[in-house]
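Q: Structure in structure tokens, see below.
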Amino acid sequence: MHVWIPNPLISKPYSTLLYTTEASGRDVLLGARIAPDGQWRFPPDPEVPDKFAVCLTQYEDKRFWYHPGIDPFALVRAVQLNLTQSRVVSGGSTLTMQLARIARGNQSRTVGQKLVEMVWAIYLECTYSKGEILRMYASHAPFGGNVVGIEAAAWRYFGREAKDLSWAEQATLAVLPNSPALIHPGRNRAELKQKRDKLLYRLYEKRILDKTEYELACLETLPEKPLPLPNEAPHLLDRLAAEKTENRIQTTIDPILQGQIQRLVNRYVADYRSNYIYNAAALVADVESGEVLAYVGNVTDQDSDSGHGYQVDVITSPRSTGSVLKPFLYAAMLNDGLILPGTLIADTPLNINGFTPQNFNKTFYGAVPAHVAIERSLNVPLVRMLSQYNTGRFMSLLKRMGMTTLRYSEDHYGASLILGGAEGTLWDLAGMYASLARMSAHYHRYNGRYDRSDLHPLSLCPKDAQVPIRSVTDKRLSDESLLSYASLWFMFDAMSGVNRPEEEADWQQFSSMKRVAWKTGTSYGGRDAWAIGVTPRYVVGVWVGNATGEGRSGLTGVGYAAPILFDVFSLLPDVPWFDQPYDELVQMLVCRQSGHKASSVCDVVDTLYVPRAGMVTQVCPYHRFIHLSPDGRYRVNSSCESVSRMQKRPWFVLPPAQAYYYKHFHVEYEALPPLKPGCEEDQSRQIAILYPEHQAVLYLPKGFSGEREKVVLKATHSRPDATLYWHLDDVYLGETQQIHQMACFVEPGNHILTLMDEDGNRRSILFEVRE
């Protein structure tokens with residue numbers, strides 16, 4: 001007779017459960033995944049609900065709390081009953097013996113097997129307490145179909161936890177392990193009710209229920225077909241099930257907020273489907289702790305087999321970042337004293353080895369303040385800023401802040417890094433913004449000192465350690481922050497501006513919202529639409545697009561992701577804004593027109609607070625003294641003999657290429673008066689070649705017929721009445737006046753373009769043309 005007892009007693013796979021905790025402290029089931037063997041079997045709970053314990057023992061084993069595993073009275077009664085009925089009607093098994101039978105794999109019910117179960121039962125009573133035996137039985141007893149255990153049965157048949165069930169519901173479950181087939185919908189309903197009500201009457205006889213409780217319990221209906229288990233955060237459950245080994249996972253999700261945002265995302269995507277956009281994701285986290293409050297990995301109201309990738313967790317999927325990295329570059333340059341918030345950045349045509357970035361609206365502004373370039377998300381100024389800062393250096397900064405998807409070299413990304421040339425995840429990006437907001441919010445807490453532990457990823461589970469982010473190359477962070485409080489404050493200030501004509505959208509619809517630092521992004525080809533917003537308390541990230549990677553016309557961050565972002569923020573409480581870090585600021589005279597540190601020539605200056613690092617920035621390069629004739633018609637330079645008799649005054653002068661575009665948006669910009677005949681001036685201030693740029697790489701365009709088309713060369717002159725003479729590789733092309741454009745066929749290879757005006761000033765550039 002084989003009586004070996006395994007340890008653990010029952011080794012079965014369990015369902016994976018995702019829980020969160022309500023504000024009241026009560027655990028809430030967010031979702032569940034079936035066990036690998038196809039059974040709904042929840043991990044055992046520490047306690048069996050009192051009502052179920054009473055119902056079960058009264059129905060199955062009235063002397064459970066007193067017998068040693070075998071109940072002689074039950075065995076005698078079973079023998080007498082079976083002899084009377086001439087068939088096996090009762091086995092006389094105790095709950096302990098039934099647990100032994102379950103542990104042994106439900107062997108056939110023979111006399112020999114019954115004897116083995118008795119031996120096991122005695123051993124179990126000597127090894128475990130009554131409470132432990134009852135708990136193991138309740139957790140592994142069959143409840144019909146593929147439902148195993150009291151907790152799984154409570155959710156499948158009644159849609160809530162076992163401890164919340166009524167007497168009638170507990171009695172229904174108590175009779176099922178003895179006859180689990182009774183629960184099948186449409187079968188044996190009368191027999192199931194009869195057994196339940198008989199048990200309820202026994203409880204009434206035992207005075208466990210009073211008459212009113214008994215009568216009301218008998219009126220309760222039986223469960224219908226099995227209910228689906230909660231599935232409030234399916235993509236989060238799939239992620240944690242793959243990352244963790246335990247079956248019961250506790251998360252930081254706010255159950256109410258999770259449901260609200262999931263429904264919000266589902267509703268928006270239902271509208272977006274008219275443009276064949278099928279997927280969206282949203283993430284909300286607490287800035288202070290980094291704990292995730294809502295995790296919507298994708299829409300959940302659609303058929304997962306539709307081919308639109310609804311099962312994809314977009315929060316962890318690398319996607320082109322669009323423009324969402326731009327604020328980090330702005331803060332980095334402020335931190336290093338390379339710019340001031342209002343420093344003018346050139347916004348003119350740019351060609352970097354064939355890479356020709358364009359602003360979203362295909363317009364050049366000539367020169368824009370750095371903070372405006374961030375507010376409007378202008379591509380060309382940001383590419384110029386990245387070239388100044390250095391791509392490799394910026395990549396190192398992003399990695400130290402927590403971006404884990406930069407797997408290639410800086411040569412691979414190049415200048416396109418700032419425009420979406422790299423992939424990022426919503427998880428990383430939201431965590432990076434949260435870390436910087438956390439640092440800013442702690443400015444006064446740490447008396448201006450930095451705490452390296454403020455820089456850490458988001459967390460999904462309360463027990464996850466907040467491990468500070470370490471650099472890929474540096475073993476530990478320095479005592480100083482990656483970015484100063486001052487640079488972060490100006491970054492968030494620029495991000496909170498609402499005057500943003502980026503992507504030609506109606507931003508005024510958001511102007512009445514609570515103050516939020518936010519940034520949108522759109523990847524090339526309309527494949528990804530981003531919106532990330534942050535306050536001192538919350539970070540919200542949104543992505544919209546197609547998980548398949550299919551782009552859609554008109555898909556933009558502001559048009560599709562921003563509305564979701566602000567609807568999410570409407571669900572969150574407002575909080576005071578970041579404190580201005582005056583300890584890291586200095587007052588400086590700043591040129592009102594250029595945004596640079598004011599020089600002695602600047603005539604209109606403002607006293608502004610700027611980051612302390614800005615003290616080393618360049619003084620205004622655009623203001624210079626000129627000498628005017630008494631009537632203001634001419635100007636002269638210092639080489640002219642009549643300079644002493646002229647009026648001296650400062651003048652704001654942009655380089656010709658910048659001035660060409662700048663004056664279209666600034667009617668107050670005054671071009672220099674004509675130079676008095678006989679006076680000479682640096683030719684670099686006279687002629688600017690707008691297209692192509694020096695050392696640019698051009699690719700030959702072709703028309704619909706496949707024939708090669710002409711290349712349109714563009715230039716400007718500081719004098720509007722100047723005549724320009726065009727030469728390509730010493731071949732004369734022609735002359736232009738006022739509008740300086742020249743269309744010509746250009747063969748593949750290296751070329752020299754030379755322009756000359758009637759005064760002999762000249763300008764030359766080198767460029768390459770490729771097929």
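Scheme for the structure tokens: letters A, B, ... for chains in order shown; per-chain residue numbers from 1; ligand numbers from 1 in order shown.
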Can you pull out the residues contacting range 330-343 of chain A? Cut-off 9 Å, using only C-alpha atoms, and skip same-chain residues under 6 positions away; I want them as a ChimeraX atom specification.

A: /A:368-372,374,382,385,388-389,394,397,482-491,494,590,592-597,610-618,620

Q: Would you kindly return, as a PyMOL selection string, each protein, DNA or RNA residue with an atom no farther than 12 Å from any atom of range 731-735 of chain A, considering only C-alpha atoms and excluding same-chain residues fewer than 4 positions away?

A: chain A and resi 713+715+722-727+739-746+751-758

Q: Now that the selection is made, can you save its residues with C-alpha atoms as an mmCIF file, in the first residue's frame?

A:
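Contents of part-v3.cif, as written:
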data_model
loop_
_atom_site.group_PDB
_atom_site.id
_atom_site.type_symbol
_atom_site.label_atom_id
_atom_site.label_comp_id
_atom_site.auth_asym_id
_atom_site.auth_seq_id
_atom_site.Cartn_x
_atom_site.Cartn_y
_atom_site.Cartn_z
ATOM 1 C CA LEU A 713 19.266 78.070 -56.288
ATOM 2 C CA ALA A 715 20.217 83.837 -52.391
ATOM 3 C CA ALA A 722 21.368 94.953 -55.568
ATOM 4 C CA THR A 723 22.054 92.923 -58.721
ATOM 5 C CA LEU A 724 23.560 89.461 -58.323
ATOM 6 C CA TYR A 725 25.592 87.662 -60.996
ATOM 7 C CA TRP A 726 25.497 83.827 -60.804
ATOM 8 C CA HIS A 727 28.351 81.470 -61.721
ATOM 9 C CA ILE A 739 14.121 88.131 -56.108
ATOM 10 C CA HIS A 740 17.366 86.215 -56.294
ATOM 11 C CA GLN A 741 16.553 82.723 -57.581
ATOM 12 C CA MET A 742 18.178 80.800 -60.407
ATOM 13 C CA ALA A 743 16.904 77.489 -61.836
ATOM 14 C CA CYS A 744 19.408 75.342 -63.701
ATOM 15 C CA PHE A 745 20.342 71.747 -64.482
ATOM 16 C CA VAL A 746 23.177 70.486 -62.262
ATOM 17 C CA HIS A 751 30.328 72.073 -57.603
ATOM 18 C CA ILE A 752 31.268 75.638 -56.706
ATOM 19 C CA LEU A 753 28.536 78.275 -56.711
ATOM 20 C CA THR A 754 29.769 81.890 -56.831
ATOM 21 C CA LEU A 755 27.671 85.056 -56.575
ATOM 22 C CA MET A 756 28.906 88.593 -57.196
ATOM 23 C CA ASP A 757 27.194 91.983 -56.926
ATOM 24 C CA GLU A 758 27.812 95.142 -58.947
#

Q: If you run DSSP on the backbone, which residues of range 284-511 of chain A are alpha helix (DSSP H), as JSON, numbers by chain?

A: {"A": [326, 327, 328, 329, 330, 331, 332, 333, 334, 335, 370, 371, 372, 373, 374, 375, 379, 380, 381, 382, 383, 384, 385, 386, 387, 388, 389, 391, 392, 393, 394, 395, 396, 397, 398, 399, 400, 401, 410, 411, 412, 413, 426, 427, 428, 429, 430, 431, 432, 433, 434, 435, 436, 437, 438, 439, 440, 441, 485, 486, 487, 488, 489, 490, 491, 492, 493, 494, 495]}

Q: Just want the 6 Å neighbourhood of range 539-545 of chain A, counted on only C-alpha atoms, with same-chain residues fewer than 2 positions away dropped. Output as a list in words.

A: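 The residues satisfying every condition are Ile277, Asn279, Ala280, Ala281, Ala282, Leu283, Val284, Ala285, Ala430, Ala434, Arg527, Asp528, Ala529, Trp530, Ala531, Ile532, Gly533, Val534 and Ala561 of chain A.
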
Q: Residues as selected, N, CA and C atoms, written as a compact mmCIF listing (two decimals), in the first residue's frame, can you do that?

A:
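File produced: selection18.txt:
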# COMPACT_ATOMS: atom_id res chain seq x y z
N ILE A 277 -7.15 54.78 -37.61
CA ILE A 277 -6.21 54.80 -36.49
C ILE A 277 -6.83 53.93 -35.40
N ASN A 279 -5.06 52.33 -32.46
CA ASN A 279 -4.41 52.04 -31.18
C ASN A 279 -4.06 53.33 -30.43
N ALA A 280 -4.04 53.22 -29.12
CA ALA A 280 -3.63 54.33 -28.26
C ALA A 280 -3.21 53.76 -26.92
N ALA A 281 -2.39 54.50 -26.21
CA ALA A 281 -1.93 54.09 -24.88
C ALA A 281 -1.83 55.33 -24.01
N ALA A 282 -2.01 55.14 -22.71
CA ALA A 282 -1.91 56.25 -21.76
C ALA A 282 -1.30 55.74 -20.47
N LEU A 283 -0.50 56.58 -19.85
CA LEU A 283 0.22 56.23 -18.62
C LEU A 283 0.13 57.41 -17.67
N VAL A 284 -0.22 57.16 -16.42
CA VAL A 284 -0.27 58.20 -15.39
C VAL A 284 0.54 57.72 -14.20
N ALA A 285 1.41 58.59 -13.68
CA ALA A 285 2.23 58.22 -12.53
C ALA A 285 2.32 59.37 -11.56
N ALA A 430 8.06 58.97 -20.03
CA ALA A 430 7.28 59.46 -18.90
C ALA A 430 8.12 59.42 -17.62
N ALA A 434 9.17 62.56 -15.27
CA ALA A 434 8.81 62.48 -13.85
C ALA A 434 10.03 62.71 -12.96
N ARG A 527 3.25 58.20 -38.22
CA ARG A 527 3.16 56.88 -37.61
C ARG A 527 2.93 56.94 -36.11
N ASP A 528 3.38 58.01 -35.48
CA ASP A 528 3.29 58.10 -34.03
C ASP A 528 2.87 59.50 -33.63
N ALA A 529 1.91 59.60 -32.74
CA ALA A 529 1.49 60.88 -32.17
C ALA A 529 1.69 60.79 -30.66
N TRP A 530 2.47 61.73 -30.12
CA TRP A 530 2.82 61.73 -28.69
C TRP A 530 2.27 62.97 -28.01
N ALA A 531 2.01 62.84 -26.72
CA ALA A 531 1.78 64.00 -25.86
C ALA A 531 2.19 63.59 -24.45
N ILE A 532 3.11 64.34 -23.87
CA ILE A 532 3.56 64.07 -22.50
C ILE A 532 3.42 65.35 -21.71
N GLY A 533 2.78 65.27 -20.56
CA GLY A 533 2.58 66.42 -19.71
C GLY A 533 3.00 66.12 -18.29
N VAL A 534 3.42 67.17 -17.58
CA VAL A 534 3.91 66.98 -16.22
C VAL A 534 3.56 68.19 -15.37
N ALA A 561 -3.15 63.10 -29.81
CA ALA A 561 -2.71 62.70 -28.47
C ALA A 561 -3.01 63.77 -27.41

Q: Taking only C-alpha atoms into account, which of A:Val568, A:Leu386, A:Gly354, A:Gly259 comes nearest Glu771 in chain A?

A: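 Checking each candidate against Glu771 in chain A, we get A:Gly354 as the closest.
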
Q: Compare A:His623, A:His444, A:Lys399, A:Lys51 by their minimum atom-to-atom distance to Leu200 in chain A, counting only C-alpha atoms, and give me the closest one.

A: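 Closest residue, counting only C-alpha atoms: A:Lys51.
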
Q: I need the residue nearest Phe355 in chain A from this list: A:Trp427, A:Tyr450, A:Tyr699, A:Tyr582. Use only C-alpha atoms for the distance.

A: A:Tyr699

Q: Calculated over only C-alpha atoms, which of the candidates A:Thr736, A:Ser323, A:Ser629, A:Asn379 has the smallest distance to Pro349 in chain A?

A: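 Nearest to Pro349 in chain A: A:Asn379.
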
Q: Give me the residues within 9 Å of Asp50 in chain A as a ChimeraX atom specification, counting only C-alpha atoms and dropping any in the same chain fewer than 4 places off.

A: /A:54-55,163

Q: Could those residues be written to a file, using N, CA and C atoms, as a compact mmCIF listing (two decimals), in the first residue's frame?

A:
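Result written to again_0.txt:
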# COMPACT_ATOMS: atom_id res chain seq x y z
N VAL A 54 -18.50 27.47 7.81
CA VAL A 54 -19.67 26.94 8.50
C VAL A 54 -20.52 26.09 7.56
N CYS A 55 -20.79 26.64 6.36
CA CYS A 55 -21.60 25.91 5.38
C CYS A 55 -20.96 24.59 4.98
N LYS A 163 -15.25 36.31 0.55
CA LYS A 163 -15.61 36.86 1.86
C LYS A 163 -16.80 37.82 1.78

Q: Leaving out Tyr123 in chain A and any residue of its chain fewer than 4 positions from it, which residues lie within 9 Å of it when counting only C-alpha atoms, given as a PyMOL selection string?

A: chain A and resi 5+69+118-119+127-128
